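Chemist: Here you go, this is final-v1.cif (mmCIF, C-alpha atoms).
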```cif
data_start
#
loop_
_atom_site.group_PDB
_atom_site.id
_atom_site.type_symbol
_atom_site.label_atom_id
_atom_site.label_comp_id
_atom_site.auth_asym_id
_atom_site.auth_seq_id
_atom_site.Cartn_x
_atom_site.Cartn_y
_atom_site.Cartn_z
ATOM 1 C CA MET K 231 -1.542 0.743 -24.832
ATOM 2 C CA SER K 232 1.481 -1.252 -26.001
ATOM 3 C CA ASN K 233 3.928 0.191 -23.495
ATOM 4 C CA PRO K 234 2.134 1.858 -20.557
ATOM 5 C CA PRO K 235 4.209 4.254 -18.443
ATOM 6 C CA LEU K 236 3.659 2.187 -15.284
ATOM 7 C CA ARG K 237 3.775 -1.542 -14.790
ATOM 8 C CA ALA K 238 2.938 -3.435 -11.619
ATOM 9 C CA ALA K 239 3.314 -7.001 -10.387
ATOM 10 C CA ILE K 240 2.011 -8.619 -7.198
ATOM 11 C CA VAL K 241 4.281 -10.781 -5.049
ATOM 12 C CA PRO K 242 2.315 -12.548 -2.269
ATOM 13 C CA VAL K 243 4.401 -12.613 0.929
ATOM 14 C CA THR K 244 4.131 -13.862 4.535
ATOM 15 C CA PRO K 245 1.671 -16.479 5.832
ATOM 16 C CA ILE K 246 -0.964 -13.718 5.683
ATOM 17 C CA GLU K 247 -0.685 -13.599 1.861
ATOM 18 C CA GLN K 248 0.010 -9.898 1.715
ATOM 19 C CA ASN K 249 0.310 -8.261 -1.706
ATOM 20 C CA CYS K 250 3.821 -6.876 -1.894
ATOM 21 C CA THR K 251 3.702 -4.908 -5.153
ATOM 22 C CA LEU K 252 6.446 -4.052 -7.615
ATOM 23 C CA ILE K 253 5.870 -0.804 -9.493
ATOM 24 C CA TRP K 254 8.204 0.339 -12.224
ATOM 25 C CA CYS K 255 8.590 3.069 -14.816
ATOM 26 C CA THR K 256 8.837 1.618 -18.312
ATOM 27 C CA ALA K 257 10.683 4.682 -19.652
ATOM 28 C CA THR K 258 13.591 4.349 -17.202
ATOM 29 C CA ASN K 259 13.268 0.738 -15.996
ATOM 30 C CA ARG K 260 13.499 2.021 -12.417
ATOM 31 C CA GLY K 261 11.026 0.909 -9.792
ATOM 32 C CA ALA K 262 9.839 0.660 -6.212
ATOM 33 C CA ILE K 263 8.929 -2.205 -3.899
ATOM 34 C CA VAL K 264 5.680 -1.451 -2.089
ATOM 35 C CA ASP K 265 4.932 -3.069 1.285
ATOM 36 C CA PRO K 266 7.635 -5.763 1.546
ATOM 37 C CA GLY K 267 6.243 -7.588 4.569
ATOM 38 C CA GLY K 268 8.519 -10.610 4.371
ATOM 39 C CA ASP K 269 10.026 -13.278 2.118
ATOM 40 C CA VAL K 270 12.970 -11.160 0.982
ATOM 41 C CA GLU K 271 14.333 -13.789 -1.409
ATOM 42 C CA ARG K 272 10.964 -14.216 -3.111
ATOM 43 C CA ILE K 273 10.723 -10.457 -3.594
ATOM 44 C CA ALA K 274 14.277 -10.288 -4.931
ATOM 45 C CA GLY K 275 13.531 -13.079 -7.386
ATOM 46 C CA ALA K 276 10.458 -11.235 -8.667
ATOM 47 C CA VAL K 277 12.489 -8.035 -9.085
ATOM 48 C CA THR K 278 15.093 -9.938 -11.103
ATOM 49 C CA GLN K 279 12.373 -11.492 -13.248
ATOM 50 C CA ALA K 280 10.741 -8.100 -13.863
ATOM 51 C CA GLY K 281 14.155 -6.702 -14.765
ATOM 52 C CA PHE K 282 14.077 -3.219 -13.246
ATOM 53 C CA THR K 283 16.458 -1.303 -10.976
ATOM 54 C CA VAL K 284 15.086 -0.787 -7.456
ATOM 55 C CA GLU K 285 15.314 2.838 -6.325
ATOM 56 C CA LYS K 286 13.166 2.869 -3.182
ATOM 57 C CA VAL K 287 10.794 1.068 -0.838
ATOM 58 C CA LEU K 288 7.308 2.552 -0.367
ATOM 59 C CA LEU K 289 5.043 1.743 2.585
ATOM 60 C CA THR K 290 1.294 2.226 2.934
ATOM 61 C CA HIS K 291 1.332 1.492 6.674
ATOM 62 C CA GLY K 292 3.281 -0.088 9.482
ATOM 63 C CA HIS K 293 1.634 -3.472 10.113
ATOM 64 C CA ILE K 294 3.996 -6.455 10.280
ATOM 65 C CA ASP K 295 2.745 -8.122 7.062
ATOM 66 C CA HIS K 296 3.394 -4.905 5.117
ATOM 67 C CA ALA K 297 6.543 -3.537 6.738
ATOM 68 C CA GLY K 298 8.306 -6.437 8.461
ATOM 69 C CA ALA K 299 11.006 -6.789 5.792
ATOM 70 C CA ALA K 300 11.175 -3.154 4.687
ATOM 71 C CA LYS K 301 14.563 -2.521 6.276
ATOM 72 C CA PRO K 302 16.182 -5.779 5.084
ATOM 73 C CA VAL K 303 14.915 -5.119 1.545
ATOM 74 C CA ALA K 304 16.063 -1.487 1.610
ATOM 75 C CA ASP K 305 19.461 -2.553 2.934
ATOM 76 C CA ARG K 306 19.795 -5.239 0.269
ATOM 77 C CA TYR K 307 19.357 -2.706 -2.529
ATOM 78 C CA GLY K 308 20.882 0.297 -0.755
ATOM 79 C CA VAL K 309 17.733 2.382 -1.212
ATOM 80 C CA PRO K 310 15.611 4.663 1.014
ATOM 81 C CA ILE K 311 12.245 3.878 2.608
ATOM 82 C CA GLU K 312 9.428 6.390 2.042
ATOM 83 C CA GLY K 313 6.221 6.221 4.065
ATOM 84 C CA PRO K 314 4.016 5.725 5.835
ATOM 85 C CA HIS K 315 2.670 8.771 7.725
ATOM 86 C CA GLU K 316 4.378 9.409 11.063
ATOM 87 C CA ASP K 317 1.222 8.411 12.948
ATOM 88 C CA ASP K 318 2.319 4.804 12.283
ATOM 89 C CA ARG K 319 5.587 5.211 14.188
ATOM 90 C CA PHE K 320 3.941 3.060 16.917
ATOM 91 C CA TRP K 321 3.655 0.089 14.538
ATOM 92 C CA LEU K 322 7.158 0.364 13.088
ATOM 93 C CA ALA K 323 8.669 0.412 16.576
ATOM 94 C CA ARG K 324 7.003 -2.886 17.507
ATOM 95 C CA LEU K 325 7.730 -4.861 14.333
ATOM 96 C CA ALA K 326 10.043 -7.303 16.136
ATOM 97 C CA ASP K 327 7.413 -8.097 18.792
ATOM 98 C CA ASP K 328 4.600 -8.395 16.262
ATOM 99 C CA GLY K 329 6.818 -10.548 14.089
ATOM 100 C CA ARG K 330 7.341 -13.041 16.904
ATOM 101 C CA ASN K 331 3.587 -13.182 17.466
ATOM 102 C CA TRP K 332 2.886 -13.881 13.775
ATOM 103 C CA GLY K 333 5.905 -16.035 12.988
ATOM 104 C CA ILE K 334 7.264 -13.385 10.635
ATOM 105 C CA GLU K 335 10.669 -11.755 10.945
ATOM 106 C CA GLY K 336 10.120 -8.073 11.747
ATOM 107 C CA VAL K 337 12.904 -5.483 11.804
ATOM 108 C CA PRO K 338 12.061 -2.123 13.460
ATOM 109 C CA PHE K 339 13.254 1.015 11.642
ATOM 110 C CA GLU K 340 12.450 4.634 10.971
ATOM 111 C CA PRO K 341 11.819 5.512 7.320
ATOM 112 C CA ASP K 342 14.028 7.959 5.469
ATOM 113 C CA ARG K 343 10.939 10.028 4.733
ATOM 114 C CA TRP K 344 7.595 10.205 6.490
ATOM 115 C CA LEU K 345 4.743 11.061 4.114
ATOM 116 C CA VAL K 346 1.834 13.459 4.570
ATOM 117 C CA GLU K 347 -1.285 14.380 2.613
ATOM 118 C CA GLY K 348 -0.355 16.195 -0.582
ATOM 119 C CA ASP K 349 3.145 14.749 -0.887
ATOM 120 C CA THR K 350 4.314 13.054 -4.062
ATOM 121 C CA VAL K 351 6.739 10.185 -4.528
ATOM 122 C CA THR K 352 8.708 9.520 -7.683
ATOM 123 C CA VAL K 353 9.434 6.171 -9.297
ATOM 124 C CA GLY K 354 11.683 6.701 -12.296
ATOM 125 C CA GLU K 355 9.845 9.364 -14.295
ATOM 126 C CA LEU K 356 6.511 8.544 -12.660
ATOM 127 C CA THR K 357 4.999 10.835 -10.022
ATOM 128 C CA LEU K 358 2.505 9.296 -7.593
ATOM 129 C CA ASP K 359 0.250 11.376 -5.361
ATOM 130 C CA VAL K 360 0.090 10.562 -1.648
ATOM 131 C CA TYR K 361 -3.173 10.612 0.314
ATOM 132 C CA HIS K 362 -3.399 10.162 4.088
ATOM 133 C CA THR K 363 -6.139 7.576 4.668
ATOM 134 C CA PRO K 364 -6.516 6.750 8.375
ATOM 135 C CA GLY K 365 -8.981 4.201 9.743
ATOM 136 C CA HIS K 366 -7.139 0.900 9.378
ATOM 137 C CA THR K 367 -4.123 2.529 11.030
ATOM 138 C CA GLN K 368 -3.734 6.190 11.895
ATOM 139 C CA GLY K 369 -0.759 6.631 9.588
ATOM 140 C CA HIS K 370 -2.013 4.757 6.525
ATOM 141 C CA VAL K 371 -1.361 6.329 3.113
ATOM 142 C CA ILE K 372 -2.234 5.359 -0.444
ATOM 143 C CA PHE K 373 -0.418 6.040 -3.716
ATOM 144 C CA HIS K 374 -2.156 7.189 -6.912
ATOM 145 C CA HIS K 375 -0.792 7.578 -10.444
ATOM 146 C CA PRO K 376 -3.388 9.681 -12.301
ATOM 147 C CA PRO K 377 -2.151 9.082 -15.899
ATOM 148 C CA SER K 378 -2.415 5.310 -15.390
ATOM 149 C CA LYS K 379 -5.669 5.493 -13.401
ATOM 150 C CA PHE K 380 -3.921 3.267 -10.874
ATOM 151 C CA ALA K 381 -3.862 3.250 -7.077
ATOM 152 C CA GLN K 382 -2.049 1.215 -4.447
ATOM 153 C CA VAL K 383 -4.432 1.279 -1.476
ATOM 154 C CA GLY K 384 -2.898 -1.056 1.117
ATOM 155 C CA ASP K 385 -5.480 -2.247 3.623
ATOM 156 C CA VAL K 386 -8.017 0.561 3.205
ATOM 157 C CA LEU K 387 -10.176 -1.142 0.569
ATOM 158 C CA PHE K 388 -10.389 -4.686 -0.791
ATOM 159 C CA GLN K 389 -12.380 -6.381 -3.497
ATOM 160 C CA GLY K 390 -15.722 -6.784 -1.718
ATOM 161 C CA SER K 391 -14.545 -5.632 1.690
ATOM 162 C CA VAL K 392 -12.684 -2.978 3.674
ATOM 163 C CA GLY K 393 -9.759 -2.980 6.078
ATOM 164 C CA ARG K 394 -10.240 -4.147 9.640
ATOM 165 C CA SER K 395 -10.525 -1.406 12.238
ATOM 166 C CA ASP K 396 -10.317 -3.414 15.478
ATOM 167 C CA LEU K 397 -6.538 -3.088 15.960
ATOM 168 C CA PRO K 398 -4.919 -0.232 17.936
ATOM 169 C CA GLY K 399 -5.579 3.086 16.200
ATOM 170 C CA GLY K 400 -8.313 1.625 14.009
ATOM 171 C CA ASN K 401 -11.616 3.443 13.508
ATOM 172 C CA HIS K 402 -14.302 2.109 11.173
ATOM 173 C CA GLN K 403 -16.075 5.420 10.641
ATOM 174 C CA GLN K 404 -12.761 7.084 9.861
ATOM 175 C CA LEU K 405 -11.952 4.273 7.412
ATOM 176 C CA VAL K 406 -15.236 4.741 5.558
ATOM 177 C CA GLU K 407 -14.625 8.495 5.473
ATOM 178 C CA SER K 408 -11.161 7.915 3.989
ATOM 179 C CA ILE K 409 -12.649 5.734 1.248
ATOM 180 C CA VAL K 410 -15.459 8.141 0.386
ATOM 181 C CA THR K 411 -13.478 11.402 0.583
ATOM 182 C CA LYS K 412 -10.042 10.282 -0.671
ATOM 183 C CA LEU K 413 -10.522 7.234 -2.920
ATOM 184 C CA TRP K 414 -13.821 7.783 -4.698
ATOM 185 C CA PRO K 415 -12.856 11.270 -6.000
ATOM 186 C CA LEU K 416 -9.924 9.662 -7.848
ATOM 187 C CA GLY K 417 -12.456 8.309 -10.344
ATOM 188 C CA ASP K 418 -14.585 5.205 -10.920
ATOM 189 C CA GLU K 419 -12.253 4.002 -13.669
ATOM 190 C CA THR K 420 -9.318 3.777 -11.253
ATOM 191 C CA ALA K 421 -7.936 0.263 -10.880
ATOM 192 C CA PHE K 422 -6.381 -0.583 -7.538
ATOM 193 C CA ILE K 423 -4.172 -3.197 -5.937
ATOM 194 C CA PRO K 424 -5.174 -3.879 -2.328
ATOM 195 C CA GLY K 425 -3.017 -5.234 0.476
ATOM 196 C CA HIS K 426 -4.700 -8.643 0.218
ATOM 197 C CA GLY K 427 -6.734 -10.402 -2.428
ATOM 198 C CA LYS K 428 -7.428 -9.536 -6.044
ATOM 199 C CA PRO K 429 -7.256 -6.126 -7.743
ATOM 200 C CA SER K 430 -10.493 -4.319 -8.508
ATOM 201 C CA THR K 431 -11.787 -0.925 -9.615
ATOM 202 C CA PHE K 432 -13.448 1.823 -7.628
ATOM 203 C CA ALA K 433 -16.484 1.531 -9.949
ATOM 204 C CA HIS K 434 -16.884 -2.154 -9.058
ATOM 205 C CA GLU K 435 -16.637 -1.460 -5.331
ATOM 206 C CA ARG K 436 -19.089 1.443 -5.505
ATOM 207 C CA ARG K 437 -21.578 -0.953 -7.074
ATOM 208 C CA HIS K 438 -20.914 -4.176 -5.165
ATOM 209 C CA ASN K 439 -18.936 -3.656 -1.937
ATOM 210 C CA MET K 440 -21.169 -4.621 0.999
ATOM 211 C CA PHE K 441 -19.541 -2.011 3.257
ATOM 212 C CA VAL K 442 -19.015 1.059 1.076
ATOM 213 C CA SER K 443 -21.120 0.706 -2.067
ATOM 214 C CA ASP K 444 -23.254 3.730 -2.836
ATOM 215 C CA ASP K 445 -26.346 1.696 -1.887
ATOM 216 C CA ALA K 446 -24.831 0.496 1.405
ATOM 217 C CA LEU K 447 -23.868 4.013 2.451
ATOM 218 C CA ALA K 448 -27.290 5.408 1.506
ATOM 219 C CA ARG K 449 -29.073 3.134 3.978
#
```
Can I see the file as structure tokens?
Modeler:
Amino acid sequence: MSNPPLRAAIVPVTPIEQNCTLIWCTATNRGAIVDPGGDVERIAGAVTQAGFTVEKVLLTHGHIDHAGAAKPVADRYGVPIEGPHEDDRFWLARLADDGRNWGIEGVPFEPDRWLVEGDTVTVGELTLDVYHTPGHTQGHVIFHHPPSKFAQVGDVLFQGSVGRSDLPGGNHQQLVESIVTKLWPLGDETAFIPGHGKPSTFAHERRHNMFVSDDALAR
């Protein structure tokens, strides 16, 4: 496809190498910044290079490496913050404390819009579906654009691994259930950008992921 409706670019941020993702609508050249955990100037430079107009910040969850710079970025562009689910209010309230612990600047805030299962978010003319996917955090959400067969999954699923569940509110069984009941039905051909590491596809993970492949779950 010469000009797909959605384009995405990864901007690694923070010492934890978190995938802040830029998503934009090619028809309108309007976009969103997903999970700006830190490094505001680096993110701004990538936005300038991509050449789109920022219209919102989207968050998958409230951990410091994903949300630490959400308010500074939103303030810089004068745009709202949408997400995560309200069950992550705990994490957003402690961003300053967590930031000191990790050496990352964290600015507490309350988003302009909490998201729930079944919501949609718009980016230009694009409409992304919201799924509530607890397990890594209780308020984690993912974003899916069906026409592009594309998902932004935060720290639920990685290439070859899954999100950690040993932090407050984490639950490994719940995480696996989120992957199997929310992600897999979106289709094997779906490509996804995780919160860390390289993109992959649901088909690849169902074949090869040591935690949630079909074979692993059948044991």
Chemist: Work out how far apart atom CA of K:Thr367 and atom CA of K:Cys255 are and give it in Å to one decimal.
Modeler: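 Straight-line distance from atom CA of K:Thr367 to atom CA of K:Cys255 works out to 28.8 Å.
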Chemist: Give as a count of residues only the residues that the PyMOL selection byres ((chain K and resi 272-281) around 10) matches when applied to the coordinates above.
Modeler: 29
Chemist: Quick one: residues within 12 Å of stretch 429-434 of chain K, all atoms listed in the file, excluding same-chain residues fewer than 2 positions away - as number ranges by chain?
Modeler: K: 238-240, 249, 251, 379-384, 387-391, 409-410, 412-427, 436-440, 442-444
Chemist: Would you mind exporting C-alpha atoms of the selected residues as a PDB file, in the frame of the given file?
Modeler:
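Saved to out-v2.pdb:
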```pdb
ATOM      1  CA  ALA K 238       2.938  -3.435 -11.619  1.00  0.00           C
ATOM      2  CA  ALA K 239       3.314  -7.001 -10.387  1.00  0.00           C
ATOM      3  CA  ILE K 240       2.011  -8.619  -7.198  1.00  0.00           C
ATOM      4  CA  ASN K 249       0.310  -8.261  -1.706  1.00  0.00           C
ATOM      5  CA  THR K 251       3.702  -4.908  -5.153  1.00  0.00           C
ATOM      6  CA  LYS K 379      -5.669   5.493 -13.401  1.00  0.00           C
ATOM      7  CA  PHE K 380      -3.921   3.267 -10.874  1.00  0.00           C
ATOM      8  CA  ALA K 381      -3.862   3.250  -7.077  1.00  0.00           C
ATOM      9  CA  GLN K 382      -2.049   1.215  -4.447  1.00  0.00           C
ATOM     10  CA  VAL K 383      -4.432   1.279  -1.476  1.00  0.00           C
ATOM     11  CA  GLY K 384      -2.898  -1.056   1.117  1.00  0.00           C
ATOM     12  CA  LEU K 387     -10.176  -1.142   0.569  1.00  0.00           C
ATOM     13  CA  PHE K 388     -10.389  -4.686  -0.791  1.00  0.00           C
ATOM     14  CA  GLN K 389     -12.380  -6.381  -3.497  1.00  0.00           C
ATOM     15  CA  GLY K 390     -15.722  -6.784  -1.718  1.00  0.00           C
ATOM     16  CA  SER K 391     -14.545  -5.632   1.690  1.00  0.00           C
ATOM     17  CA  ILE K 409     -12.649   5.734   1.248  1.00  0.00           C
ATOM     18  CA  VAL K 410     -15.459   8.141   0.386  1.00  0.00           C
ATOM     19  CA  LYS K 412     -10.042  10.282  -0.671  1.00  0.00           C
ATOM     20  CA  LEU K 413     -10.522   7.234  -2.920  1.00  0.00           C
ATOM     21  CA  TRP K 414     -13.821   7.783  -4.698  1.00  0.00           C
ATOM     22  CA  PRO K 415     -12.856  11.270  -6.000  1.00  0.00           C
ATOM     23  CA  LEU K 416      -9.924   9.662  -7.848  1.00  0.00           C
ATOM     24  CA  GLY K 417     -12.456   8.309 -10.344  1.00  0.00           C
ATOM     25  CA  ASP K 418     -14.585   5.205 -10.920  1.00  0.00           C
ATOM     26  CA  GLU K 419     -12.253   4.002 -13.669  1.00  0.00           C
ATOM     27  CA  THR K 420      -9.318   3.777 -11.253  1.00  0.00           C
ATOM     28  CA  ALA K 421      -7.936   0.263 -10.880  1.00  0.00           C
ATOM     29  CA  PHE K 422      -6.381  -0.583  -7.538  1.00  0.00           C
ATOM     30  CA  ILE K 423      -4.172  -3.197  -5.937  1.00  0.00           C
ATOM     31  CA  PRO K 424      -5.174  -3.879  -2.328  1.00  0.00           C
ATOM     32  CA  GLY K 425      -3.017  -5.234   0.476  1.00  0.00           C
ATOM     33  CA  HIS K 426      -4.700  -8.643   0.218  1.00  0.00           C
ATOM     34  CA  GLY K 427      -6.734 -10.402  -2.428  1.00  0.00           C
ATOM     35  CA  ARG K 436     -19.089   1.443  -5.505  1.00  0.00           C
ATOM     36  CA  ARG K 437     -21.578  -0.953  -7.074  1.00  0.00           C
ATOM     37  CA  HIS K 438     -20.914  -4.176  -5.165  1.00  0.00           C
ATOM     38  CA  ASN K 439     -18.936  -3.656  -1.937  1.00  0.00           C
ATOM     39  CA  MET K 440     -21.169  -4.621   0.999  1.00  0.00           C
ATOM     40  CA  VAL K 442     -19.015   1.059   1.076  1.00  0.00           C
ATOM     41  CA  SER K 443     -21.120   0.706  -2.067  1.00  0.00           C
ATOM     42  CA  ASP K 444     -23.254   3.730  -2.836  1.00  0.00           C
TER      43      ASP K 444
END
```
Chemist: Looking at all atoms listed in the file, which of K:Leu236, K:Val287, K:Val337, K:Val351 is the one that sits closest to K:Ala299?
Modeler: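 Comparing K:Leu236, K:Val287, K:Val337, K:Val351 against K:Ala299, the winner is K:Val337.
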Chemist: Could you work out how far atom CA of K:Asn233 lies from atom CA of K:Ser378, giving the answer in Å with one decimal?
Modeler: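 Atom-to-atom, atom CA of K:Ser378 to atom CA of K:Asn233, that is 11.5 Å.
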Chemist: What's the 7 Å shell around K:His296, counting all atoms listed in the file, without same-chain residues fewer than 2 positions away, as a list in words?
Modeler: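 Contacts, in chain order: Gln248, Asp265, Pro266, Gly267, His291, Gly292, His293, Ile294 and Gly298 of chain K.
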Chemist: One decimal, in Å: what's the spacing between atom CA of K:Leu288 and atom CA of K:Ile334?
Modeler: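 Separating atom CA of K:Leu288 from atom CA of K:Ile334 is a distance of 19.4 Å.
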Chemist: Can you spell out as a PyMOL selection string the set of residues that the PyMOL selection byres ((chain K and resi 316) around 10) selects in the structure I just provided?
Modeler: chain K and resi 291-292+313-315+317-322+340-341+343-346+368-370
Chemist: Once you have the residues from the selection above, write them out as an mmCIF file, in the coordinates of the input, restricted to C-alpha atoms.
Modeler:
```cif
data_model
loop_
_atom_site.group_PDB
_atom_site.id
_atom_site.type_symbol
_atom_site.label_atom_id
_atom_site.label_comp_id
_atom_site.auth_asym_id
_atom_site.auth_seq_id
_atom_site.Cartn_x
_atom_site.Cartn_y
_atom_site.Cartn_z
ATOM 1 C CA HIS K 291 1.332 1.492 6.674
ATOM 2 C CA GLY K 292 3.281 -0.088 9.482
ATOM 3 C CA GLY K 313 6.221 6.221 4.065
ATOM 4 C CA PRO K 314 4.016 5.725 5.835
ATOM 5 C CA HIS K 315 2.670 8.771 7.725
ATOM 6 C CA ASP K 317 1.222 8.411 12.948
ATOM 7 C CA ASP K 318 2.319 4.804 12.283
ATOM 8 C CA ARG K 319 5.587 5.211 14.188
ATOM 9 C CA PHE K 320 3.941 3.060 16.917
ATOM 10 C CA TRP K 321 3.655 0.089 14.538
ATOM 11 C CA LEU K 322 7.158 0.364 13.088
ATOM 12 C CA GLU K 340 12.450 4.634 10.971
ATOM 13 C CA PRO K 341 11.819 5.512 7.320
ATOM 14 C CA ARG K 343 10.939 10.028 4.733
ATOM 15 C CA TRP K 344 7.595 10.205 6.490
ATOM 16 C CA LEU K 345 4.743 11.061 4.114
ATOM 17 C CA VAL K 346 1.834 13.459 4.570
ATOM 18 C CA GLN K 368 -3.734 6.190 11.895
ATOM 19 C CA GLY K 369 -0.759 6.631 9.588
ATOM 20 C CA HIS K 370 -2.013 4.757 6.525
#
```
Chemist: With distances taken over all atoms listed in the file, which residue among K:Phe441, K:Phe373, K:Phe339, K:Tyr361 lies nearest K:Ala297?
Modeler: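 Of K:Phe441, K:Phe373, K:Phe339, K:Tyr361, the one nearest K:Ala297, counting all atoms listed in the file, is K:Phe339.
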Chemist: Pick the closest to K:Thr256 from K:Gly354, K:Pro338, K:Gly308, K:Gly348: which is it, counting all atoms listed in the file?
Modeler: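 Checking each of K:Gly354, K:Pro338, K:Gly308, K:Gly348 against K:Thr256, counting all atoms listed in the file, the winner is K:Gly354.
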Chemist: Could you check the closest approach to K:Ala257 for each of K:Gly400, K:Gly329, K:Pro245, K:Pro235 and tell me which residue wins, using all atoms listed in the file?
Modeler: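 Ranked by minimum distance to K:Ala257, first place goes to K:Pro235.
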Chemist: Which residues are close to K:Thr357, i.e. within 9 Å by only C-alpha atoms, leaving aside same-chain residues fewer than 6 positions away? Reply as a list in words.
Modeler: Thr350, Val351, His374, His375 and Pro376 of chain K
Chemist: What's the 9 Å shell around K:Ser408, counting all atoms listed in the file, without same-chain residues fewer than 4 positions away, as a PyMOL selection string?
Modeler: chain K and resi 362-365+386+403-404+412-413
Chemist: Between K:Glu285, K:Glu407, K:Asp396, K:Glu355, which is the closest to K:Thr258 once you count all atoms listed in the file?
Modeler: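 Ranking K:Glu285, K:Glu407, K:Asp396, K:Glu355 by distance to K:Thr258, first place goes to K:Glu355.
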Chemist: Which centre and edge lengths in Å to one decimal define the box along x, y and z that fits every listed atom of stretch 328-347 of chain K plus 5 Å per side, as AutoDock Vina command-line options?
Modeler:
```
--center_x 6.4 --center_y -0.8 --center_z 10.0 --size_x 25.3 --size_y 40.4 --size_z 24.9
```
